[in-house]
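S.K.: Following this message is one structure expressed as structure tokens.
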Amino acid sequence: MQKIVVIGEILVEIMADFPGEGFSEPMALTGPFPSGAPAIFADQAARLGQPVAIVSGVGVDDFGRLNTARLARDGVDISAVWVDPDRPTGTAFVRYRPDGGRVFVFNIRHSACGRIAVSDAVRAVLDGATHIHVMGSSLSSAEFIALNLDTAEAIRARGGTVSFDPNLRPEILDAPGMRAAMGRILALTDLFLPSGEELTLLTRSRDATGAIKELLAGGIRAIVHKRGAAGASYHDATGSLRAAPFAVREVDPTGAGDCFGATFTALWLRGTPPQEALDLAAAAGALAVTRRGPMEGVSDLPTLRAMLAQPRKEL
Ligand code: ADP
């Protein structure tokens with residue numbers, strides 16, 4: 001089986017219990033929940049039985065321990081997770097605005113996962129991978145950009161594959177070198193997994209049809225466009241497919257794109273037909289939003305298959 005590697009942040013998320021216009025003092029919060037987009041992706045892939053490793057760091061603290069214990073329990077290879085004696089595990093606080101939008105307060109850059117220690121264990125994991133999943137949120141510094149790019153190039157050179165989810169957080173989009181790095185990653189990408197407007201972010205065309213044509217002409221083999229409660233679509237050189245969204249009650253949207261992406265990527269690597277992979281990924285995304293906590297909505301394959309019988313919304 002293909003072995004996926006993902007490089008990026010591990011953190012805990014602590015969330016406000018009720019929507020409001022701001023964090024105020026004191027207020028009811030729930031957490032810590034294990035989180036970090038790459039960690040959610042890895043955990044969901046592992047729950048599907050996919051070999052997957054995460055390259056990241058945690059501090060010598062309870063937040064680090066709860067994350068590594070959870071990832072290991074679900075089957076993620078954590079041999080390349082370093083324990084930083086000087087920095088704490090990353091944290092994110094999130095509150096929901098009354099309109100459903102989310103506001104995050106992150107501490108990632110100065111946390112254990114904010115700098116890289118390329119040890120022998122990290123090197124072994126990178127050298128053993130046949131697929132890298134790159135996330136925009138992991139391109140937060142020159143160091144992380146270089147490690148993702150070098151790994152993607154090495155994996156491609158030895159016949160492996162690359163998937164890319166821009167996974168943009170507005171606060172890092174204008175970080176130095178970010179756009180250029182995303183362009184370079186895109187040039188190495190086999191499977192592209194943008195959400196919403198990210199589809200046209202790196203293309204000359206501003207409309208979806210033009211952007212899809214341009215991306216496929218540029219060498220991308222498959223595009224999966226995530227559209228939240230509107231479902232998802234798949235595009236390759238032979239045509240397009242759609243997955244209508246499942247009718248679920250959204251409780252917490254954080255992590256849906258990562259659960260969706262991990263499911264599609266794992267199944268794509270196994271050669272699952274695209275419509276089946278898309279439907280199961282849409283099931284994973286839909287189930288993810290029904291649970292509070294970013295990593296609490298991950299599913300195994302029997303659960304996803306059972307979900308396929310559930311009602312969908314009209315497109
Ligand atoms: P991201 O978190 O990357 O922005 P999305 O929010 O688009 O990703 O979610 C990924 C996928 O999960 C969607 O394409 C859809 O299939 C599914 N999904 C997300 N939110 C919902 C929802 N409220 N109802 C049903 N399906 C959803």
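Ligands are numbered from 1 in the order shown, residues from 1 within each chain, and chains are lettered A, B, ... in the order they appear in the structure tokens.
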Contacts between ligand 1 and chain A, please, where a residue of chain A counts if it comes within 10 Å (with only C-alpha atoms and all ligand atoms); show its shortest atom pair and distance in Å to one decimal, rows by chain and ascending number, as a Markdown table.
M.R.:
| residue | atom | partner | partner_atom_place_in_ligand_line | distance |
| --- | --- | --- | --- | --- |
| A:Ala37 | CA | ligand 1 | 2 (O) | 9.3 |
| A:Asp165 | CA | ligand 1 | 3 (O) | 7.7 |
| A:Pro166 | CA | ligand 1 | 3 (O) | 8.5 |
| A:Asn167 | CA | ligand 1 | 3 (O) | 6.0 |
| A:Leu168 | CA | ligand 1 | 3 (O) | 8.6 |
| A:Leu193 | CA | ligand 1 | 3 (O) | 8.1 |
| A:Pro194 | CA | ligand 1 | 3 (O) | 7.0 |
| A:Ser195 | CA | ligand 1 | 4 (O) | 5.0 |
| A:Gly196 | CA | ligand 1 | 7 (O) | 6.7 |
| A:Glu197 | CA | ligand 1 | 4 (O) | 9.6 |
| A:Glu198 | CA | ligand 1 | 4 (O) | 9.3 |
| A:Val224 | CA | ligand 1 | 14 (O) | 8.6 |
| A:His225 | CA | ligand 1 | 14 (O) | 6.8 |
| A:Lys226 | CA | ligand 1 | 14 (O) | 3.5 |
| A:Arg227 | CA | ligand 1 | 7 (O) | 4.0 |
| A:Gly228 | CA | ligand 1 | 7 (O) | 3.2 |
| A:Ala229 | CA | ligand 1 | 22 (C) | 3.7 |
| A:Ala230 | CA | ligand 1 | 15 (C) | 6.5 |
| A:Gly231 | CA | ligand 1 | 16 (O) | 3.9 |
| A:Ala232 | CA | ligand 1 | 14 (O) | 4.2 |
| A:Ser233 | CA | ligand 1 | 14 (O) | 7.7 |
| A:Arg242 | CA | ligand 1 | 16 (O) | 9.6 |
| A:Ala243 | CA | ligand 1 | 16 (O) | 7.0 |
| A:Ala244 | CA | ligand 1 | 16 (O) | 7.3 |
| A:Pro245 | CA | ligand 1 | 25 (C) | 4.6 |
| A:Phe246 | CA | ligand 1 | 25 (C) | 4.8 |
| A:Ala247 | CA | ligand 1 | 25 (C) | 5.9 |
| A:Val248 | CA | ligand 1 | 24 (N) | 5.4 |
| A:Arg249 | CA | ligand 1 | 23 (N) | 6.7 |
| A:Glu250 | CA | ligand 1 | 23 (N) | 5.0 |
| A:Val251 | CA | ligand 1 | 23 (N) | 8.4 |
| A:Asp252 | CA | ligand 1 | 23 (N) | 8.8 |
| A:Pro253 | CA | ligand 1 | 20 (N) | 6.1 |
| A:Thr254 | CA | ligand 1 | 2 (O) | 6.2 |
| A:Gly255 | CA | ligand 1 | 2 (O) | 5.8 |
| A:Ala256 | CA | ligand 1 | 9 (O) | 4.6 |
| A:Gly257 | CA | ligand 1 | 8 (O) | 3.3 |
| A:Asp258 | CA | ligand 1 | 3 (O) | 6.2 |
| A:Cys259 | CA | ligand 1 | 10 (C) | 7.5 |
| A:Phe260 | CA | ligand 1 | 10 (C) | 5.4 |
| A:Gly261 | CA | ligand 1 | 10 (C) | 7.5 |
| A:Leu278 | CA | ligand 1 | 16 (O) | 8.2 |
| A:Asp279 | CA | ligand 1 | 16 (O) | 8.0 |
| A:Leu280 | CA | ligand 1 | 16 (O) | 9.1 |
| A:Ala281 | CA | ligand 1 | 16 (O) | 6.8 |
| A:Ala282 | CA | ligand 1 | 16 (O) | 3.7 |
| A:Ala283 | CA | ligand 1 | 16 (O) | 6.8 |
| A:Ala284 | CA | ligand 1 | 12 (O) | 6.7 |
| A:Gly285 | CA | ligand 1 | 12 (O) | 3.2 |
| A:Ala286 | CA | ligand 1 | 26 (N) | 3.8 |
| A:Leu287 | CA | ligand 1 | 26 (N) | 7.6 |
| A:Ala288 | CA | ligand 1 | 12 (O) | 7.5 |
| A:Val289 | CA | ligand 1 | 20 (N) | 6.0 |
| A:Thr290 | CA | ligand 1 | 23 (N) | 8.2 |
| A:Arg312 | CA | ligand 1 | 25 (C) | 8.3 |
| A:Lys313 | CA | ligand 1 | 25 (C) | 8.2 |
S.K.: Please identify the strand (DSSP E) residues within stretch 67-227 of chain A (assignment by DSSP from backbone atoms) and present them as a count of residues only.
M.R.: 34
S.K.: Kindly indicate which residue among A:Leu186, A:Ile10, A:Ala124, A:Leu308 lies nearest to A:Arg70, using only C-alpha atoms for the distances.
M.R.: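 With only C-alpha atoms as the atom set, the closest residue is A:Ile10.
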S.K.: Under the rule that only C-alpha atoms are counted, which of A:Glu143, A:Glu214, A:Glu296, A:Glu13 is the nearest residue to A:Gly177?
M.R.: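 Checking each candidate against A:Gly177, we get A:Glu143 as the closest.
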S.K.: Measuring atom to atom with only C-alpha atoms, identify which of A:Gln2, A:Ser111, A:Thr189, A:Thr203 is nearest to A:Thr130.
M.R.: A:Gln2
S.K.: Considering only C-alpha atoms, return as a JSON list (two decimals) with N, CA and C atoms, in the first residue's frame whatever protein or nucleic-acid residues lie within 10 Å of A:Asp127, sequence-local ones (same chain, fewer than 4 positions apart) excluded.
M.R.:
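As written to disk, out.json reads:
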[["chain", "number", "residue", "atom", "x", "y", "z"],
["A", 5, "VAL", "N", 2.80, 10.83, 3.52],
["A", 5, "VAL", "CA", 3.37, 11.66, 4.57],
["A", 5, "VAL", "C", 2.75, 13.05, 4.49],
["A", 121, "ALA", "N", 14.91, 10.15, 12.37],
["A", 121, "ALA", "CA", 13.55, 9.60, 12.33],
["A", 121, "ALA", "C", 12.71, 10.33, 11.28],
["A", 122, "VAL", "N", 12.87, 11.65, 11.21],
["A", 122, "VAL", "CA", 12.12, 12.43, 10.21],
["A", 122, "VAL", "C", 12.59, 12.03, 8.81],
["A", 123, "ARG", "N", 13.90, 11.94, 8.64],
["A", 123, "ARG", "CA", 14.46, 11.57, 7.33],
["A", 123, "ARG", "C", 13.93, 10.20, 6.90],
["A", 151, "THR", "N", 10.59, 17.41, -0.45],
["A", 151, "THR", "CA", 9.99, 16.08, -0.30],
["A", 151, "THR", "C", 9.11, 15.76, -1.50],
["A", 154, "ALA", "N", 11.35, 14.89, -4.40],
["A", 154, "ALA", "CA", 12.00, 13.57, -4.23],
["A", 154, "ALA", "C", 10.99, 12.45, -4.45],
["A", 155, "ILE", "N", 9.79, 12.61, -3.93],
["A", 155, "ILE", "CA", 8.77, 11.57, -4.10],
["A", 155, "ILE", "C", 8.39, 11.43, -5.57],
["A", 158, "ARG", "N", 11.00, 9.55, -7.50],
["A", 158, "ARG", "CA", 11.04, 8.09, -7.35],
["A", 158, "ARG", "C", 9.70, 7.45, -7.71]]
S.K.: List the spatial neighbours of A:Ser79 as a ChimeraX atom specification - criterion: any atom at most 12 Å away, only C-alpha atoms, same-chain residues fewer than 3 positions off excluded.
M.R.: /A:5,52-57,68,71-72,75-76,82-83,119-126
S.K.: Using only C-alpha atoms, determine which residues lie at most 12 Å from A:Met15, disregarding the query and same-chain residues fewer than 4 positions distant; provide the list as number ranges by chain.
M.R.: A: 19-20, 23, 27-35, 91-97, 102-106, 252, 254, 292-294
S.K.: Take the residues just selected and output them with N, CA and C atoms as a PDB file, in the first residue's frame.
M.R.:
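Result file out.pdb:
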ATOM      1  N   PRO A  19     -21.939  31.026  20.250  1.00  0.00           N
ATOM      2  CA  PRO A  19     -21.540  32.057  19.301  1.00  0.00           C
ATOM      3  C   PRO A  19     -21.614  33.435  19.955  1.00  0.00           C
ATOM      4  N   GLY A  20     -20.805  34.348  19.470  1.00  0.00           N
ATOM      5  CA  GLY A  20     -20.836  35.699  20.005  1.00  0.00           C
ATOM      6  C   GLY A  20     -19.957  36.607  19.189  1.00  0.00           C
ATOM      7  N   PHE A  23     -14.327  37.112  22.019  1.00  0.00           N
ATOM      8  CA  PHE A  23     -13.965  36.434  23.250  1.00  0.00           C
ATOM      9  C   PHE A  23     -14.130  37.463  24.353  1.00  0.00           C
ATOM     10  N   MET A  27     -15.470  33.290  29.834  1.00  0.00           N
ATOM     11  CA  MET A  27     -16.519  32.655  29.051  1.00  0.00           C
ATOM     12  C   MET A  27     -16.328  31.152  29.032  1.00  0.00           C
ATOM     13  N   ALA A  28     -17.414  30.457  28.714  1.00  0.00           N
ATOM     14  CA  ALA A  28     -17.378  28.993  28.729  1.00  0.00           C
ATOM     15  C   ALA A  28     -16.669  28.485  27.475  1.00  0.00           C
ATOM     16  N   LEU A  29     -15.684  27.640  27.694  1.00  0.00           N
ATOM     17  CA  LEU A  29     -14.896  27.074  26.598  1.00  0.00           C
ATOM     18  C   LEU A  29     -14.891  25.564  26.745  1.00  0.00           C
ATOM     19  N   THR A  30     -14.760  24.868  25.625  1.00  0.00           N
ATOM     20  CA  THR A  30     -14.644  23.406  25.685  1.00  0.00           C
ATOM     21  C   THR A  30     -13.381  22.983  24.947  1.00  0.00           C
ATOM     22  N   GLY A  31     -12.718  22.023  25.462  1.00  0.00           N
ATOM     23  CA  GLY A  31     -11.484  21.496  24.887  1.00  0.00           C
ATOM     24  C   GLY A  31     -10.595  21.063  26.024  1.00  0.00           C
ATOM     25  N   PRO A  32      -9.345  20.726  25.769  1.00  0.00           N
ATOM     26  CA  PRO A  32      -8.666  20.737  24.483  1.00  0.00           C
ATOM     27  C   PRO A  32      -9.054  19.561  23.595  1.00  0.00           C
ATOM     28  N   PHE A  33      -9.235  19.867  22.287  1.00  0.00           N
ATOM     29  CA  PHE A  33      -9.459  18.837  21.283  1.00  0.00           C
ATOM     30  C   PHE A  33      -8.187  18.686  20.451  1.00  0.00           C
ATOM     31  N   PRO A  34      -7.767  17.442  20.135  1.00  0.00           N
ATOM     32  CA  PRO A  34      -6.633  17.297  19.217  1.00  0.00           C
ATOM     33  C   PRO A  34      -6.975  17.927  17.879  1.00  0.00           C
ATOM     34  N   SER A  35      -6.003  18.636  17.283  1.00  0.00           N
ATOM     35  CA  SER A  35      -6.290  19.347  16.037  1.00  0.00           C
ATOM     36  C   SER A  35      -5.012  19.650  15.259  1.00  0.00           C
ATOM     37  N   THR A  91      -1.480  25.875  20.008  1.00  0.00           N
ATOM     38  CA  THR A  91      -2.868  26.000  20.453  1.00  0.00           C
ATOM     39  C   THR A  91      -3.654  26.875  19.479  1.00  0.00           C
ATOM     40  N   ALA A  92      -4.941  26.626  19.430  1.00  0.00           N
ATOM     41  CA  ALA A  92      -5.844  27.497  18.670  1.00  0.00           C
ATOM     42  C   ALA A  92      -7.112  27.662  19.483  1.00  0.00           C
ATOM     43  N   PHE A  93      -7.537  28.893  19.615  1.00  0.00           N
ATOM     44  CA  PHE A  93      -8.829  29.174  20.238  1.00  0.00           C
ATOM     45  C   PHE A  93      -9.773  29.584  19.130  1.00  0.00           C
ATOM     46  N   VAL A  94     -10.984  29.071  19.176  1.00  0.00           N
ATOM     47  CA  VAL A  94     -11.935  29.430  18.118  1.00  0.00           C
ATOM     48  C   VAL A  94     -13.256  29.846  18.739  1.00  0.00           C
ATOM     49  N   ARG A  95     -13.830  30.865  18.158  1.00  0.00           N
ATOM     50  CA  ARG A  95     -15.198  31.237  18.533  1.00  0.00           C
ATOM     51  C   ARG A  95     -16.010  31.364  17.255  1.00  0.00           C
ATOM     52  N   TYR A  96     -17.295  31.164  17.381  1.00  0.00           N
ATOM     53  CA  TYR A  96     -18.194  31.235  16.227  1.00  0.00           C
ATOM     54  C   TYR A  96     -18.955  32.542  16.269  1.00  0.00           C
ATOM     55  N   ARG A  97     -18.968  33.211  15.115  1.00  0.00           N
ATOM     56  CA  ARG A  97     -19.762  34.445  15.020  1.00  0.00           C
ATOM     57  C   ARG A  97     -21.237  34.062  14.871  1.00  0.00           C
ATOM     58  N   ARG A 102     -16.137  31.638  11.558  1.00  0.00           N
ATOM     59  CA  ARG A 102     -15.248  31.276  12.658  1.00  0.00           C
ATOM     60  C   ARG A 102     -14.128  32.296  12.807  1.00  0.00           C
ATOM     61  N   VAL A 103     -13.734  32.560  14.040  1.00  0.00           N
ATOM     62  CA  VAL A 103     -12.601  33.454  14.301  1.00  0.00           C
ATOM     63  C   VAL A 103     -11.607  32.675  15.147  1.00  0.00           C
ATOM     64  N   PHE A 104     -10.350  32.578  14.672  1.00  0.00           N
ATOM     65  CA  PHE A 104      -9.328  31.789  15.381  1.00  0.00           C
ATOM     66  C   PHE A 104      -8.293  32.692  16.024  1.00  0.00           C
ATOM     67  N   VAL A 105      -7.787  32.291  17.158  1.00  0.00           N
ATOM     68  CA  VAL A 105      -6.565  32.870  17.728  1.00  0.00           C
ATOM     69  C   VAL A 105      -5.553  31.728  17.758  1.00  0.00           C
ATOM     70  N   PHE A 106      -4.505  31.830  16.943  1.00  0.00           N
ATOM     71  CA  PHE A 106      -3.540  30.738  16.817  1.00  0.00           C
ATOM     72  C   PHE A 106      -2.266  31.021  17.593  1.00  0.00           C
ATOM     73  N   ASP A 252     -20.242  21.744  13.738  1.00  0.00           N
ATOM     74  CA  ASP A 252     -18.900  22.342  13.779  1.00  0.00           C
ATOM     75  C   ASP A 252     -18.191  22.023  12.460  1.00  0.00           C
ATOM     76  N   THR A 254     -15.237  22.780  11.364  1.00  0.00           N
ATOM     77  CA  THR A 254     -13.785  22.621  11.354  1.00  0.00           C
ATOM     78  C   THR A 254     -13.415  21.153  11.123  1.00  0.00           C
ATOM     79  N   ARG A 292     -18.790  17.918  17.313  1.00  0.00           N
ATOM     80  CA  ARG A 292     -18.060  19.060  17.852  1.00  0.00           C
ATOM     81  C   ARG A 292     -16.606  18.649  18.077  1.00  0.00           C
ATOM     82  N   GLY A 293     -15.668  19.469  17.614  1.00  0.00           N
ATOM     83  CA  GLY A 293     -14.249  19.147  17.741  1.00  0.00           C
ATOM     84  C   GLY A 293     -13.706  18.749  16.383  1.00  0.00           C
ATOM     85  N   PRO A 294     -12.559  19.318  16.005  1.00  0.00           N
ATOM     86  CA  PRO A 294     -12.055  19.155  14.638  1.00  0.00           C
ATOM     87  C   PRO A 294     -11.731  17.720  14.242  1.00  0.00           C
TER      88      PRO A 294
END
S.K.: Nearest to A:Met182: which of A:Pro311, A:Leu149, A:Ile116, A:Gly159 is it, counting only C-alpha atoms?
M.R.: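 Closest candidate: A:Leu149.
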S.K.: Hey, what does DSSP flag as alpha helix (DSSP H) within stretch 63-288 of chain A? Can you give it to me as a ChimeraX atom specification?
M.R.: /A:63-73,120-128,142-157,170-173,178-188,208-217,256-269,274-288
S.K.: Could you tell me how far atom CA of A:Asp207 lies from atom CA of A:Glu276, in Å and to one decimal?
M.R.: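 A separation of 26.7 Å between them.
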S.K.: List the spatial neighbours of A:Ala211 as a PDB file with N, CA and C atoms, in the first residue's frame - criterion: any atom at most 12 Å away, only C-alpha atoms, same-chain residues fewer than 4 positions off excluded.
M.R.:
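After the write, part-v1.pdb holds the following:
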ATOM      1  N   PHE A 192      -5.357  17.771  -6.945  1.00  0.00           N
ATOM      2  CA  PHE A 192      -5.531  19.112  -6.375  1.00  0.00           C
ATOM      3  C   PHE A 192      -6.890  19.171  -5.685  1.00  0.00           C
ATOM      4  N   PRO A 194      -8.831  21.939  -3.923  1.00  0.00           N
ATOM      5  CA  PRO A 194      -9.166  23.277  -3.411  1.00  0.00           C
ATOM      6  C   PRO A 194     -10.583  23.340  -2.842  1.00  0.00           C
ATOM      7  N   GLU A 197     -13.295  29.327  -3.391  1.00  0.00           N
ATOM      8  CA  GLU A 197     -12.572  30.233  -4.285  1.00  0.00           C
ATOM      9  C   GLU A 197     -11.094  29.871  -4.469  1.00  0.00           C
ATOM     10  N   GLU A 198     -10.604  28.934  -3.687  1.00  0.00           N
ATOM     11  CA  GLU A 198      -9.205  28.515  -3.869  1.00  0.00           C
ATOM     12  C   GLU A 198      -8.980  27.910  -5.260  1.00  0.00           C
ATOM     13  N   LEU A 199     -10.069  27.474  -5.903  1.00  0.00           N
ATOM     14  CA  LEU A 199      -9.948  26.877  -7.237  1.00  0.00           C
ATOM     15  C   LEU A 199      -9.276  27.830  -8.221  1.00  0.00           C
ATOM     16  N   THR A 200      -9.612  29.120  -8.120  1.00  0.00           N
ATOM     17  CA  THR A 200      -9.081  30.078  -9.097  1.00  0.00           C
ATOM     18  C   THR A 200      -7.931  30.925  -8.538  1.00  0.00           C
ATOM     19  N   LEU A 201      -7.526  30.616  -7.324  1.00  0.00           N
ATOM     20  CA  LEU A 201      -6.511  31.444  -6.664  1.00  0.00           C
ATOM     21  C   LEU A 201      -5.170  31.450  -7.401  1.00  0.00           C
ATOM     22  N   LEU A 202      -4.818  30.299  -7.975  1.00  0.00           N
ATOM     23  CA  LEU A 202      -3.479  30.172  -8.573  1.00  0.00           C
ATOM     24  C   LEU A 202      -3.557  30.065 -10.100  1.00  0.00           C
ATOM     25  N   THR A 203      -4.714  30.405 -10.674  1.00  0.00           N
ATOM     26  CA  THR A 203      -4.864  30.311 -12.133  1.00  0.00           C
ATOM     27  C   THR A 203      -5.037  31.711 -12.726  1.00  0.00           C
ATOM     28  N   ARG A 204      -4.783  31.804 -14.045  1.00  0.00           N
ATOM     29  CA  ARG A 204      -5.043  33.069 -14.729  1.00  0.00           C
ATOM     30  C   ARG A 204      -6.549  33.243 -14.914  1.00  0.00           C
ATOM     31  N   SER A 205      -7.254  32.115 -15.200  1.00  0.00           N
ATOM     32  CA  SER A 205      -8.707  32.201 -15.382  1.00  0.00           C
ATOM     33  C   SER A 205      -9.373  32.493 -14.050  1.00  0.00           C
ATOM     34  N   ARG A 206     -10.388  33.328 -14.082  1.00  0.00           N
ATOM     35  CA  ARG A 206     -11.120  33.697 -12.861  1.00  0.00           C
ATOM     36  C   ARG A 206     -12.382  32.851 -12.701  1.00  0.00           C
ATOM     37  N   ASP A 207     -12.824  32.168 -13.787  1.00  0.00           N
ATOM     38  CA  ASP A 207     -14.041  31.358 -13.650  1.00  0.00           C
ATOM     39  C   ASP A 207     -13.666  29.888 -13.493  1.00  0.00           C
ATOM     40  N   LEU A 215      -5.754  24.109 -15.185  1.00  0.00           N
ATOM     41  CA  LEU A 215      -5.048  23.228 -14.238  1.00  0.00           C
ATOM     42  C   LEU A 215      -4.772  21.865 -14.877  1.00  0.00           C
ATOM     43  N   LEU A 216      -5.762  21.333 -15.584  1.00  0.00           N
ATOM     44  CA  LEU A 216      -5.569  20.016 -16.217  1.00  0.00           C
ATOM     45  C   LEU A 216      -4.523  20.118 -17.333  1.00  0.00           C
ATOM     46  N   ALA A 217      -4.572  21.227 -18.088  1.00  0.00           N
ATOM     47  CA  ALA A 217      -3.579  21.416 -19.163  1.00  0.00           C
ATOM     48  C   ALA A 217      -2.177  21.565 -18.574  1.00  0.00           C
ATOM     49  N   GLY A 218      -2.111  22.078 -17.346  1.00  0.00           N
ATOM     50  CA  GLY A 218      -0.820  22.290 -16.687  1.00  0.00           C
ATOM     51  C   GLY A 218      -0.226  21.020 -16.087  1.00  0.00           C
ATOM     52  N   ILE A 220      -1.984  18.695 -13.929  1.00  0.00           N
ATOM     53  CA  ILE A 220      -2.690  18.085 -12.788  1.00  0.00           C
ATOM     54  C   ILE A 220      -3.591  16.973 -13.321  1.00  0.00           C
ATOM     55  N   ILE A 223      -8.779  16.966 -10.173  1.00  0.00           N
ATOM     56  CA  ILE A 223      -9.134  18.103  -9.305  1.00  0.00           C
ATOM     57  C   ILE A 223     -10.404  17.719  -8.558  1.00  0.00           C
ATOM     58  N   HIS A 225     -13.087  19.609  -6.177  1.00  0.00           N
ATOM     59  CA  HIS A 225     -13.472  20.932  -5.699  1.00  0.00           C
ATOM     60  C   HIS A 225     -14.465  20.782  -4.551  1.00  0.00           C
ATOM     61  N   HIS A 235     -12.933  16.473 -11.384  1.00  0.00           N
ATOM     62  CA  HIS A 235     -12.650  16.801 -12.783  1.00  0.00           C
ATOM     63  C   HIS A 235     -11.329  16.163 -13.201  1.00  0.00           C
TER      64      HIS A 235
END
S.K.: Grab the atom CA of A:Leu301 to atom CA of A:Thr272 distance for me, in Å with one decimal place.
M.R.: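 Interatomic distance, atom CA of A:Leu301 to atom CA of A:Thr272: 12.8 Å.
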S.K.: Using only C-alpha atoms, determine which residues lie at most 10 Å from A:Pro85, disregarding the query and same-chain residues fewer than 2 positions distant; provide the list as a list in words.
M.R.: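 Once the nearby chain positions are removed, what remains is Val58, Gly59, Val60, Asp61, Trp82, Val83, Arg87, Pro88 and Ala112 of chain A.
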S.K.: Restricted to N, CA and C atoms, what would the selected residues look like written as a PDB file, in the first residue's frame?
M.R.:
ATOM      1  N   VAL A  58       5.649  18.491  19.006  1.00  0.00           N
ATOM      2  CA  VAL A  58       4.824  18.833  20.170  1.00  0.00           C
ATOM      3  C   VAL A  58       5.752  19.228  21.315  1.00  0.00           C
ATOM      4  N   GLY A  59       5.197  19.870  22.320  1.00  0.00           N
ATOM      5  CA  GLY A  59       5.990  20.225  23.486  1.00  0.00           C
ATOM      6  C   GLY A  59       5.961  19.112  24.525  1.00  0.00           C
ATOM      7  N   VAL A  60       6.716  19.350  25.616  1.00  0.00           N
ATOM      8  CA  VAL A  60       6.702  18.375  26.717  1.00  0.00           C
ATOM      9  C   VAL A  60       5.531  18.754  27.624  1.00  0.00           C
ATOM     10  N   ASP A  61       4.332  18.479  27.186  1.00  0.00           N
ATOM     11  CA  ASP A  61       3.170  18.920  27.960  1.00  0.00           C
ATOM     12  C   ASP A  61       1.968  18.020  27.666  1.00  0.00           C
ATOM     13  N   TRP A  82       8.625  15.154  16.721  1.00  0.00           N
ATOM     14  CA  TRP A  82       9.648  15.456  17.720  1.00  0.00           C
ATOM     15  C   TRP A  82       9.006  16.103  18.942  1.00  0.00           C
ATOM     16  N   VAL A  83       9.715  15.940  20.079  1.00  0.00           N
ATOM     17  CA  VAL A  83       9.245  16.560  21.318  1.00  0.00           C
ATOM     18  C   VAL A  83      10.230  17.670  21.652  1.00  0.00           C
ATOM     19  N   ARG A  87       9.664  24.528  23.642  1.00  0.00           N
ATOM     20  CA  ARG A  87       8.446  25.198  23.155  1.00  0.00           C
ATOM     21  C   ARG A  87       7.212  24.372  23.487  1.00  0.00           C
ATOM     22  N   PRO A  88       6.108  25.036  23.725  1.00  0.00           N
ATOM     23  CA  PRO A  88       4.876  24.294  24.037  1.00  0.00           C
ATOM     24  C   PRO A  88       4.210  23.750  22.780  1.00  0.00           C
ATOM     25  N   ALA A 112       5.953  24.209  19.338  1.00  0.00           N
ATOM     26  CA  ALA A 112       6.883  23.130  18.974  1.00  0.00           C
ATOM     27  C   ALA A 112       6.815  22.783  17.486  1.00  0.00           C
TER      28      ALA A 112
END
S.K.: Of the candidates A:Ala152, A:Leu48, A:Ala175, A:Leu66, which one gets nearest to A:Arg305 if we count only C-alpha atoms?
M.R.: A:Leu48
S.K.: Distance atom CA of A:Thr161-atom CA of A:Ala69, one decimal place?
M.R.: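 Pair atom CA of A:Thr161 / atom CA of A:Ala69 returns 28.6 Å.
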S.K.: Rank A:Val12, A:Val134, A:Leu267, A:Leu315 by their smallest atom-to-atom distance to A:Asn107, using only C-alpha atoms, and report the top residue only.
M.R.: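 Distance minimum relative to A:Asn107 lands on A:Val12.
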